[in-house]
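Have a look at coords.txt; it's compact mmCIF, C-alpha atoms:
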```
# COMPACT_ATOMS: atom_id res chain seq x y z
CA MET A 163 -33.35 -14.28 6.37
CA HIS A 164 -31.49 -12.00 3.97
CA ASN A 165 -30.83 -13.52 0.58
CA GLU A 166 -27.39 -12.53 -0.69
CA LYS A 167 -28.78 -12.39 -4.20
CA GLU A 168 -30.94 -9.46 -3.11
CA ARG A 169 -27.90 -7.28 -2.37
CA PRO A 170 -28.19 -4.08 -4.41
CA THR A 171 -25.73 -3.82 -7.25
CA GLU A 172 -22.96 -1.35 -6.53
CA TYR A 173 -20.79 0.33 -9.12
CA PHE A 174 -17.29 1.61 -9.61
CA PRO A 175 -17.11 5.33 -10.45
CA ASP A 176 -17.31 4.84 -14.23
CA GLY A 177 -20.45 2.68 -13.91
CA THR A 178 -18.78 -0.73 -14.01
CA PRO A 179 -20.61 -3.12 -11.60
CA ILE A 180 -18.63 -4.24 -8.56
CA ASP A 181 -18.14 -7.97 -9.03
CA ASP A 182 -19.41 -10.51 -6.47
CA TRP A 183 -15.76 -11.43 -5.81
CA PHE A 184 -15.39 -8.24 -3.73
CA TYR A 185 -18.12 -9.39 -1.31
CA ASP A 186 -16.60 -12.78 -0.50
CA ILE A 187 -14.74 -11.82 2.67
CA GLY A 188 -14.56 -15.12 4.53
CA MET A 189 -11.39 -15.52 6.56
CA PRO A 190 -9.26 -18.55 5.65
CA GLU A 191 -8.88 -21.35 8.20
CA LEU A 192 -5.74 -23.42 8.67
CA GLU A 193 -7.61 -26.63 7.87
CA GLU A 194 -8.47 -25.47 4.35
CA LEU A 195 -4.86 -24.66 3.39
CA GLY A 196 -3.65 -28.22 2.87
CA ARG A 197 -1.24 -30.54 4.61
CA PRO A 198 0.57 -28.71 7.44
CA TYR A 199 4.37 -28.48 7.44
CA VAL A 200 5.25 -27.22 10.93
CA LEU A 201 8.69 -25.60 11.26
CA THR A 202 9.62 -27.37 14.48
CA GLU A 203 9.02 -30.77 12.89
CA TYR A 204 11.93 -30.03 10.55
CA GLY A 205 14.55 -28.94 13.07
CA ILE A 206 13.78 -25.21 12.92
CA TRP A 207 13.73 -23.65 16.37
CA ASP A 208 13.08 -20.50 18.34
CA ASP A 209 16.76 -20.06 19.24
CA GLY A 210 17.97 -16.87 17.51
CA LYS A 211 19.59 -18.70 14.60
CA VAL A 212 18.82 -17.65 11.04
CA TYR A 213 17.14 -20.62 9.32
CA THR A 214 16.72 -19.37 5.74
CA LYS A 215 17.99 -22.49 3.94
CA GLU A 216 16.16 -24.87 6.26
CA ILE A 217 12.80 -23.09 5.88
CA GLN A 218 13.22 -22.91 2.11
CA LYS A 219 13.80 -26.67 2.03
CA VAL A 220 10.47 -27.19 3.80
CA ILE A 221 8.70 -24.98 1.23
CA ASP A 222 10.37 -26.92 -1.60
CA LEU A 223 9.41 -30.25 0.01
CA ALA A 224 5.77 -29.19 0.37
CA ALA A 225 5.68 -28.22 -3.30
CA GLU A 226 7.24 -31.53 -4.36
CA GLU A 227 4.71 -33.46 -2.29
CA GLY A 228 1.70 -31.77 -3.87
CA GLY A 229 1.35 -28.63 -1.78
CA GLY A 230 0.28 -27.68 1.70
CA VAL A 231 0.86 -24.96 4.25
CA LEU A 232 4.02 -23.82 6.00
CA VAL A 233 3.02 -23.40 9.64
CA VAL A 234 4.95 -21.09 11.96
CA PRO A 235 4.22 -22.31 15.52
CA PRO A 236 4.42 -20.14 18.66
CA GLY A 237 7.86 -18.61 19.11
CA THR A 238 10.15 -16.36 17.08
CA TYR A 239 11.88 -17.79 14.00
CA LEU A 240 14.57 -15.88 12.09
CA THR A 241 14.99 -16.06 8.33
CA GLY A 242 16.18 -14.27 5.24
CA ALA A 243 14.44 -14.26 1.85
CA LEU A 244 11.90 -17.06 1.27
CA TYR A 245 10.34 -18.06 -2.06
CA PHE A 246 6.91 -19.67 -2.07
CA LYS A 247 5.89 -22.10 -4.77
CA GLN A 248 2.61 -23.14 -6.36
CA GLY A 249 0.33 -24.87 -3.88
CA VAL A 250 2.28 -23.85 -0.77
CA ASN A 251 0.59 -21.39 1.61
CA LEU A 252 1.78 -19.67 4.80
CA TYR A 253 0.11 -19.72 8.22
CA VAL A 254 1.52 -17.83 11.23
CA SER A 255 0.02 -19.12 14.45
CA ALA A 256 -1.09 -17.10 17.47
CA GLY A 257 2.01 -16.26 19.51
CA ALA A 258 4.27 -16.86 16.51
CA THR A 259 6.60 -14.42 14.79
CA LEU A 260 8.38 -14.99 11.51
CA LYS A 261 11.18 -12.46 11.83
CA GLY A 262 13.39 -11.13 9.09
CA SER A 263 17.15 -11.00 9.36
CA ASP A 264 18.63 -7.51 9.71
CA ASP A 265 21.65 -8.55 7.62
CA ILE A 266 21.19 -7.53 3.97
CA SER A 267 23.35 -10.46 2.85
CA ASP A 268 20.47 -12.76 3.85
CA TYR A 269 18.45 -11.35 0.93
CA ASP A 270 19.28 -12.24 -2.66
CA LEU A 271 19.82 -9.89 -5.55
CA ALA A 272 17.40 -10.52 -8.41
CA GLU A 273 15.67 -8.82 -11.31
CA THR A 274 12.67 -7.27 -9.58
CA ARG A 275 10.30 -4.32 -9.61
CA ILE A 276 11.09 -1.35 -7.41
CA GLU A 277 10.18 2.36 -7.51
CA GLY A 278 8.48 2.13 -10.89
CA GLU A 279 11.33 0.32 -12.62
CA THR A 280 12.41 -3.24 -13.35
CA CYS A 281 15.99 -3.63 -12.22
CA LEU A 282 18.44 -5.62 -10.14
CA TYR A 283 17.61 -5.17 -6.48
CA PHE A 284 17.15 -7.06 -3.23
CA THR A 285 14.36 -9.56 -2.85
CA ALA A 286 11.82 -9.38 -0.02
CA LEU A 287 11.41 -11.49 3.11
CA ILE A 288 8.32 -13.21 1.60
CA ASN A 289 8.42 -13.66 -2.19
CA ALA A 290 5.99 -15.29 -4.61
CA ASP A 291 5.92 -15.13 -8.39
CA GLY A 292 3.41 -16.57 -10.83
CA LEU A 293 1.27 -18.32 -8.23
CA ASN A 294 -2.47 -18.96 -8.48
CA GLY A 295 -4.32 -19.33 -5.19
CA PHE A 296 -1.64 -18.22 -2.71
CA THR A 297 -2.79 -17.53 0.88
CA MET A 298 -0.75 -16.06 3.73
CA CYS A 299 -2.72 -15.70 6.92
CA GLY A 300 -3.06 -16.35 10.64
CA PRO A 301 -3.22 -14.33 13.87
CA GLY A 302 0.57 -14.19 14.22
CA THR A 303 3.21 -11.68 13.12
CA ILE A 304 5.63 -11.22 10.24
CA ASP A 305 8.24 -8.77 11.53
CA GLY A 306 10.80 -7.21 9.24
CA ASN A 307 13.17 -6.36 12.09
CA GLY A 308 14.10 -3.11 10.34
CA LEU A 309 15.48 -0.97 13.18
CA LYS A 310 19.15 -1.38 12.24
CA THR A 311 18.38 -0.43 8.64
CA TRP A 312 16.32 2.63 9.61
CA LYS A 313 19.18 3.98 11.71
CA ALA A 314 21.65 3.38 8.87
CA CYS A 315 19.37 5.13 6.35
CA TRP A 316 19.02 8.28 8.41
CA LEU A 317 22.76 8.40 9.02
CA ARG A 318 23.54 7.83 5.34
CA TRP A 319 21.11 10.53 4.23
CA LYS A 320 22.79 13.03 6.54
CA TRP A 321 25.99 12.30 4.68
CA SER A 322 24.60 12.11 1.13
CA ASN A 323 21.36 12.86 -0.73
CA GLY A 324 20.97 9.25 -1.84
CA THR A 325 17.92 7.52 -3.25
CA ASN A 326 15.70 5.00 -1.49
CA LYS A 327 17.40 2.19 -3.40
CA ASP A 328 20.80 3.33 -2.14
CA GLY A 329 19.60 2.28 1.30
CA GLN A 330 19.87 -1.40 0.26
CA ARG A 331 16.73 -2.53 2.06
CA PRO A 332 14.48 -5.56 1.56
CA ARG A 333 10.71 -5.27 1.43
CA LEU A 334 8.61 -7.38 3.78
CA VAL A 335 6.32 -8.98 1.14
CA TYR A 336 6.67 -8.93 -2.66
CA LEU A 337 4.15 -10.77 -4.86
CA SER A 338 4.44 -10.60 -8.64
CA ASN A 339 2.36 -12.09 -11.46
CA CYS A 340 0.05 -13.78 -8.95
CA ARG A 341 -3.70 -14.19 -8.89
CA ASN A 342 -6.33 -15.20 -6.36
CA VAL A 343 -4.26 -14.08 -3.38
CA ARG A 344 -5.43 -13.68 0.23
CA ILE A 345 -3.43 -11.87 2.90
CA ALA A 346 -5.58 -12.17 5.99
CA GLY A 347 -5.46 -11.54 9.73
CA LEU A 348 -1.71 -11.02 9.91
CA ASN A 349 0.32 -8.46 11.80
CA LEU A 350 2.79 -7.11 9.24
CA GLN A 351 5.28 -4.81 10.91
CA ASN A 352 8.68 -3.15 11.09
CA SER A 353 9.60 -3.58 7.44
CA HIS A 354 13.02 -2.35 6.31
CA PHE A 355 11.41 -0.76 3.21
CA TRP A 356 7.92 -1.07 1.67
CA THR A 357 5.76 -3.40 3.73
CA THR A 358 3.75 -5.17 1.02
CA HIS A 359 4.21 -4.73 -2.71
CA ILE A 360 2.06 -6.44 -5.33
CA TYR A 361 3.06 -6.17 -8.99
CA LYS A 362 1.08 -7.37 -12.01
CA CYS A 363 -1.31 -9.28 -9.76
CA ASP A 364 -5.07 -9.67 -9.96
CA HIS A 365 -7.76 -10.62 -7.48
CA VAL A 366 -5.84 -9.85 -4.30
CA LYS A 367 -7.54 -9.47 -0.90
CA TYR A 368 -6.10 -7.88 2.22
CA LEU A 369 -8.50 -8.79 5.02
CA ASN A 370 -8.29 -7.64 8.64
CA CYS A 371 -4.54 -7.10 8.66
CA HIS A 372 -2.64 -4.85 11.07
CA ILE A 373 0.14 -3.07 9.16
CA TYR A 374 2.56 -1.03 11.22
CA SER A 375 5.90 0.75 11.22
CA PRO A 376 6.92 3.43 13.71
CA ALA A 377 7.22 7.17 13.19
CA GLY A 378 9.44 7.25 16.27
CA PRO A 379 11.49 7.24 18.31
CA VAL A 380 13.42 5.97 15.26
CA ALA A 381 11.27 6.66 12.20
CA ALA A 382 10.94 3.82 9.68
CA PRO A 383 11.52 5.55 6.32
CA SER A 384 9.65 4.53 3.15
CA THR A 385 7.64 1.77 4.82
CA ASP A 386 4.46 2.09 2.71
CA ALA A 387 1.71 -0.21 3.93
CA ILE A 388 0.39 -1.48 0.57
CA ASP A 389 1.95 -0.68 -2.82
CA ILE A 390 -0.38 -1.64 -5.68
CA ASP A 391 1.63 -1.69 -8.91
CA VAL A 392 -0.04 -2.54 -12.26
CA CYS A 393 -2.79 -4.61 -10.61
CA THR A 394 -6.50 -5.21 -11.13
CA ASP A 395 -9.25 -6.23 -8.72
CA VAL A 396 -7.79 -5.55 -5.29
CA LEU A 397 -9.78 -5.43 -2.03
CA VAL A 398 -8.36 -3.88 1.15
CA LYS A 399 -10.92 -4.39 3.91
CA GLY A 400 -10.96 -4.14 7.69
CA CYS A 401 -7.27 -3.29 7.97
CA TYR A 402 -5.44 -1.03 10.40
CA MET A 403 -2.60 0.92 8.78
CA GLU A 404 -0.06 3.07 10.58
CA VAL A 405 3.24 3.56 8.76
CA ASN A 406 5.92 6.19 8.33
CA ASP A 407 5.05 6.82 4.68
CA ASP A 408 1.98 6.40 2.48
CA SER A 409 -0.58 3.71 3.31
CA VAL A 410 -2.39 2.58 0.14
CA VAL A 411 -0.23 3.67 -2.79
CA LEU A 412 -1.06 3.24 -6.47
CA LYS A 413 2.04 2.78 -8.61
CA GLY A 414 2.62 1.74 -12.20
CA GLY A 415 5.81 3.18 -13.67
CA LYS A 416 7.73 6.39 -14.13
CA GLY A 417 9.70 8.20 -16.80
CA PRO A 418 8.92 10.17 -19.97
CA TRP A 419 7.90 7.08 -21.95
CA ALA A 420 6.37 5.11 -19.06
CA ASP A 421 2.95 4.77 -20.69
CA SER A 422 4.39 2.84 -23.64
CA GLN A 423 6.63 0.40 -21.78
CA PRO A 424 5.21 -3.12 -21.33
CA GLU A 425 6.43 -3.53 -17.75
CA ASN A 426 4.25 -0.56 -16.73
CA GLY A 427 0.50 -0.14 -16.75
CA SER A 428 -2.78 0.58 -15.02
CA ASN A 429 -4.34 -0.10 -11.65
CA GLU A 430 -8.06 -0.74 -12.04
CA ARG A 431 -10.95 -1.75 -9.78
CA ILE A 432 -9.35 -1.10 -6.40
CA LEU A 433 -11.67 -1.03 -3.35
CA VAL A 434 -10.44 0.12 0.08
CA GLU A 435 -13.14 0.00 2.75
CA ASP A 436 -13.84 -0.28 6.48
CA CYS A 437 -10.24 0.49 7.44
CA VAL A 438 -8.71 2.55 10.24
CA TYR A 439 -5.66 4.74 9.71
CA GLY A 440 -3.21 5.88 12.32
CA PHE A 441 -0.35 8.12 11.26
CA CYS A 442 0.73 7.97 7.62
CA HIS A 443 1.83 10.45 4.96
CA GLY A 444 -1.13 9.67 2.69
CA CYS A 445 -4.22 7.51 3.16
CA LEU A 446 -4.76 7.03 -0.59
CA THR A 447 -1.91 8.19 -2.80
CA CYS A 448 -1.58 8.19 -6.58
CA GLY A 449 2.13 8.23 -7.34
CA SER A 450 4.87 9.03 -7.27
CA GLU A 451 5.52 6.24 -9.77
CA SER A 452 2.10 6.01 -11.37
CA VAL A 453 0.87 5.95 -14.98
CA HIS A 454 -2.88 5.19 -14.98
CA ASN A 455 -5.33 4.63 -12.13
CA ARG A 456 -9.02 4.05 -12.89
CA ASN A 457 -12.03 2.96 -10.85
CA ILE A 458 -10.69 3.46 -7.36
CA ILE A 459 -12.97 3.63 -4.29
CA MET A 460 -12.00 4.39 -0.70
CA ARG A 461 -14.98 4.38 1.67
CA ARG A 462 -16.10 3.99 5.28
CA ILE A 463 -12.74 5.00 6.73
CA GLN A 464 -11.73 6.30 10.15
CA ILE A 465 -8.59 8.44 10.40
CA LYS A 466 -6.67 9.18 13.59
CA GLY A 467 -4.27 11.91 12.54
CA ALA A 468 -2.89 11.13 9.08
CA ALA A 469 -1.10 13.77 7.04
CA ARG A 470 -3.25 13.61 3.85
CA LEU A 471 -6.51 11.94 2.86
CA LEU A 472 -6.28 11.94 -0.97
CA TRP A 473 -2.90 12.83 -2.44
CA LEU A 474 -2.33 13.09 -6.19
CA LYS A 475 1.39 13.30 -6.93
CA MET A 476 1.88 14.76 -10.41
CA ARG A 477 5.28 13.91 -11.90
CA PRO A 478 6.42 16.41 -14.54
CA ASP A 479 8.59 13.75 -16.23
CA THR A 480 5.85 11.08 -16.49
CA PRO A 481 2.55 10.96 -18.45
CA GLN A 482 -0.12 10.25 -15.82
CA HIS A 483 -3.86 9.73 -15.91
CA TYR A 484 -5.85 9.52 -12.66
CA GLU A 485 -9.56 9.03 -13.33
CA TYR A 486 -12.78 7.84 -11.73
CA ILE A 487 -11.61 7.97 -8.13
CA THR A 488 -14.18 8.23 -5.33
CA VAL A 489 -13.43 8.92 -1.66
CA GLU A 490 -16.51 8.79 0.56
CA GLN A 491 -17.80 8.27 4.09
CA ILE A 492 -14.59 9.38 5.80
CA GLU A 493 -14.44 10.46 9.42
CA GLY A 494 -11.60 11.73 11.57
CA ARG A 495 -8.60 14.01 11.74
CA VAL A 496 -6.30 14.61 8.79
CA LYS A 497 -3.92 17.51 8.21
CA GLU A 498 -4.80 17.95 4.50
CA PHE A 499 -8.10 16.78 3.02
CA LEU A 500 -7.10 17.00 -0.67
CA LYS A 501 -3.56 17.59 -1.90
CA ILE A 502 -2.51 17.92 -5.55
CA TYR A 503 1.05 19.08 -6.24
CA PRO A 504 3.89 18.56 -8.70
CA TRP A 505 6.21 15.80 -7.52
CA THR A 506 9.80 16.28 -8.63
CA GLN A 507 11.72 13.64 -6.66
CA TYR A 508 14.33 12.09 -8.98
CA TYR A 509 12.97 14.16 -11.91
CA ASP A 510 14.50 13.05 -15.23
CA LEU A 511 13.08 13.76 -18.70
CA LYS A 512 15.95 11.75 -20.24
CA ASP A 513 15.95 12.32 -24.01
CA ARG A 514 12.35 13.58 -24.28
CA LYS A 515 12.22 17.16 -25.56
CA ASP A 516 8.68 18.02 -24.47
CA GLN A 517 7.16 17.66 -21.03
CA PRO A 518 4.34 15.07 -21.05
CA LEU A 519 0.88 16.35 -20.13
CA SER A 520 -1.02 14.54 -17.37
CA TYR A 521 -4.67 14.42 -16.33
CA ALA A 522 -6.73 14.03 -13.16
CA GLU A 523 -10.46 13.83 -13.84
CA HIS A 524 -13.72 12.46 -12.45
CA ILE A 525 -12.44 12.75 -8.89
CA THR A 526 -15.20 12.67 -6.24
CA MET A 527 -14.98 13.33 -2.50
CA LYS A 528 -18.32 13.12 -0.72
CA ASP A 529 -20.11 12.43 2.56
CA CYS A 530 -17.11 13.13 4.79
CA ASP A 531 -16.86 14.60 8.26
CA CYS A 532 -13.28 15.66 8.98
CA ILE A 533 -11.17 18.02 11.03
CA CYS A 534 -8.25 19.40 9.01
CA ASP A 535 -5.44 21.90 9.04
CA THR A 536 -6.03 22.56 5.31
CA PHE A 537 -9.13 21.59 3.36
CA PHE A 538 -8.07 22.22 -0.24
CA ASP A 539 -4.33 22.18 -0.96
CA VAL A 540 -4.22 22.20 -4.75
CA MET A 541 -1.55 23.76 -6.95
CA PRO A 542 -2.76 24.09 -10.56
CA ASP A 543 -0.16 23.96 -13.34
CA GLU A 544 -1.70 23.52 -16.78
CA SER A 545 1.71 23.34 -18.40
CA GLN A 546 2.05 19.98 -16.61
CA TYR A 547 -1.44 18.64 -15.81
CA LEU A 548 -5.15 19.32 -16.29
CA LEU A 549 -7.63 18.96 -13.41
CA SER A 550 -11.26 18.50 -14.46
CA ASP A 551 -14.62 17.00 -13.46
CA PHE A 552 -14.15 17.18 -9.71
CA THR A 553 -17.06 16.69 -7.33
CA LEU A 554 -16.99 17.92 -3.71
CA GLN A 555 -20.33 17.05 -2.14
CA ASP A 556 -21.91 16.65 1.28
CA LEU A 557 -18.76 17.55 3.18
CA ARG A 558 -18.62 18.70 6.80
CA ILE A 559 -15.18 20.15 7.35
CA ARG A 560 -13.60 22.05 10.24
CA ALA A 561 -10.35 23.54 8.99
CA ARG A 562 -7.83 26.16 9.99
CA VAL A 563 -7.34 26.95 6.26
CA ASP A 564 -10.01 26.49 3.58
CA ASN A 565 -8.12 27.50 0.38
CA PHE A 566 -10.86 26.28 -1.96
CA SER A 567 -10.91 28.14 -5.25
CA GLU A 568 -13.04 27.07 -8.19
CA ASP A 569 -10.58 28.52 -10.71
CA LYS A 570 -7.98 25.90 -9.71
CA LEU A 571 -10.09 23.27 -11.52
CA ARG A 572 -11.42 23.20 -15.07
CA SER A 573 -14.82 22.01 -13.86
CA VAL A 574 -16.17 21.26 -10.41
CA VAL A 575 -19.43 20.42 -8.66
CA TYR A 576 -19.34 22.05 -5.22
CA GLU A 577 -22.53 21.10 -3.42
CA ASN A 578 -23.53 21.11 0.24
CA VAL A 579 -19.99 21.72 1.44
CA GLN A 580 -19.67 23.22 4.91
CA VAL A 581 -16.22 24.45 5.85
CA GLU A 582 -16.13 25.92 9.32
CA GLU A 583 -13.12 27.76 10.64
CA SER A 584 -11.17 25.91 13.28
CA THR A 585 -8.34 27.21 15.42
CA GLU A 586 -7.38 23.77 16.64
CA PRO A 587 -4.30 22.27 14.92
CA VAL A 588 -4.57 18.66 13.84
CA GLU A 589 -1.95 16.61 15.60
CA SER A 590 -0.75 13.60 13.71
CA TRP A 591 -0.97 10.26 15.42
CA HIS A 592 2.81 10.13 15.92
CA GLU A 593 2.72 13.57 17.57
CA VAL A 594 -0.02 12.39 19.91
CA LYS A 595 2.23 9.49 20.85
CA GLY A 596 5.06 11.88 21.63
CA PHE A 597 7.34 10.90 18.73
CA GLN A 598 9.52 13.57 17.16
```
Show me, as structure tokens, the structure contained in the file I just sent.
Amino acid sequence: MHNEKERPTEYFPDGTPIDDWFYDIGMPELEELGRPYVLTEYGIWDDGKVYTKEIQKVIDLAAEEGGGVLVVPPGTYLTGALYFKQGVNLYVSAGATLKGSDDISDYDLAETRIEGETCLYFTALINADGLNGFTMCGPGTIDGNGLKTWKACWLRWKWSNGTNKDGQRPRLVYLSNCRNVRIAGLNLQNSHFWTTHIYKCDHVKYLNCHIYSPAGPVAAPSTDAIDIDVCTDVLVKGCYMEVNDDSVVLKGGKGPWADSQPENGSNERILVEDCVYGFCHGCLTCGSESVHNRNIIMRRIQIKGAARLLWLKMRPDTPQHYEYITVEQIEGRVKEFLKIYPWTQYYDLKDRKDQPLSYAEHITMKDCDCICDTFFDVMPDESQYLLSDFTLQDLRIRARVDNFSEDKLRSVVYENVQVEESTEPVESWHEVKGFQ
């Protein structure tokens, strides 16, 4: 019998050992989450009515009585913004859907974190702040019900070049200042805006979740799967992600002085493994609101037609440092294997006279077998950012365009890389499905 203590020590890219916490991947059971508070026992029904106040009262009651678990039984239950409290967990049963209202007035305005800034904006469907030990899990579904909002966004953007925030959209899940969090087994889908957003959290696990928003026939704009914003020790394991934006996104702040503002900061010790990607804009994306990302691993991944594997968005108005990032053991079809470009959306140097210099270094991509449109899509610009200490190793690539050039990087190890010419275009997952 294998002794767990004999497991070989693994390391993050800078040599820091991967803590035992990352290997504890047991799925939570309803029985371990405390006293059950079942919606239907409190007059909350599957009848099309929005029950925000009634559900919140059950959460408050559970907290007052020492904690427990809010249980969503089979059926579909409508609600606006909910706020979980210490000791109260969430379980969505098989055949159950907790469905968000599509009326923005069912979501409160509050000081929150959005797009790299702390500002007044709409709360999410599921909210938790300052909790220790929060679990949301179960085989059921949390559905944002975002179709009406998506249609309105596309129509509004035809009329005006507005920002994402102008769309007035709630996120599906927003957790801030929390620790020891588990999000497990859930179907998280059809968010109005970002699907899950964690801010200033530590020790967060996403286990075996199915995260989805459509690329058609009505595309769901800006529905990132997982936004990791100033967090440490995050595990994303065994998840399926297919969204009409980036999947795992590392954020942390934006603006010319972002690296000195206390609300901003680093993402460190992030492990994404054993996941499957359908269509998305980026499988692992640094930016566009990102200050410092260190010790990031994405490994053992299957891709079914994503747009980009590793995408480093370099903001010319924000000091950024992306370091010790490893992408390995990747298989599948992706339009662009590596993409590094300036990102100028909402560019604003404000009162800063010089342009901050950014860095991407100790970036490793190894042991991958992929079919691509473009292998190496890198735009160097040393007036804005320096690219150094890259390793491309043991890669088997079939690509229509190679584009690799050593002079685009300050230093690179290029070892056992096979790039074969391919005439076959890579269709994204949404194109395979017939979406426009």
Report, in Å to a single decimal, how far apart CA of Arg341 in chain A and CA of Ala382 in chain A are.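 Rounded to one decimal, the two atoms are 29.7 Å apart.
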Within 10 Å of (16.7, -5.1, -3.6) in the file's own coordinates, which protein, DNA or RNA residues have an atom, counting all atoms listed in the file? List them as a VMD selection string. chain A and resid 266 269 to 276 281 to 286 327 to 333 355
For Asp407 in chain A, the nearest of the candidates A:Leu334, A:Val366, A:Ala381, A:Ile390, counting all atoms listed in the file: A:Ala381
Nearest candidate to Cys315 in chain A (options A:Thr297, A:Asn578, A:Ser384, A:Gln464; using all atoms listed in the file):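 Smallest separation from Cys315 in chain A among the options: A:Ser384.
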So what do you get for CA of Lys570 in chain A versus CA of Lys528 in chain A, distance-wise? 18.7 Å
Residue with smallest distance to Met298 in chain A - pool A:Tyr439, A:Tyr173, A:Tyr336, A:Tyr253, counting all atoms listed in the file: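 Result for the nearest residue to Met298 in chain A: A:Tyr253.
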Might you pull out every residue within 8 Å of range 209-212 of chain A, with only C-alpha atoms counted and same-chain residues fewer than 5 positions away left off, and present them as a PyMOL selection string? chain A and resi 238-242+263
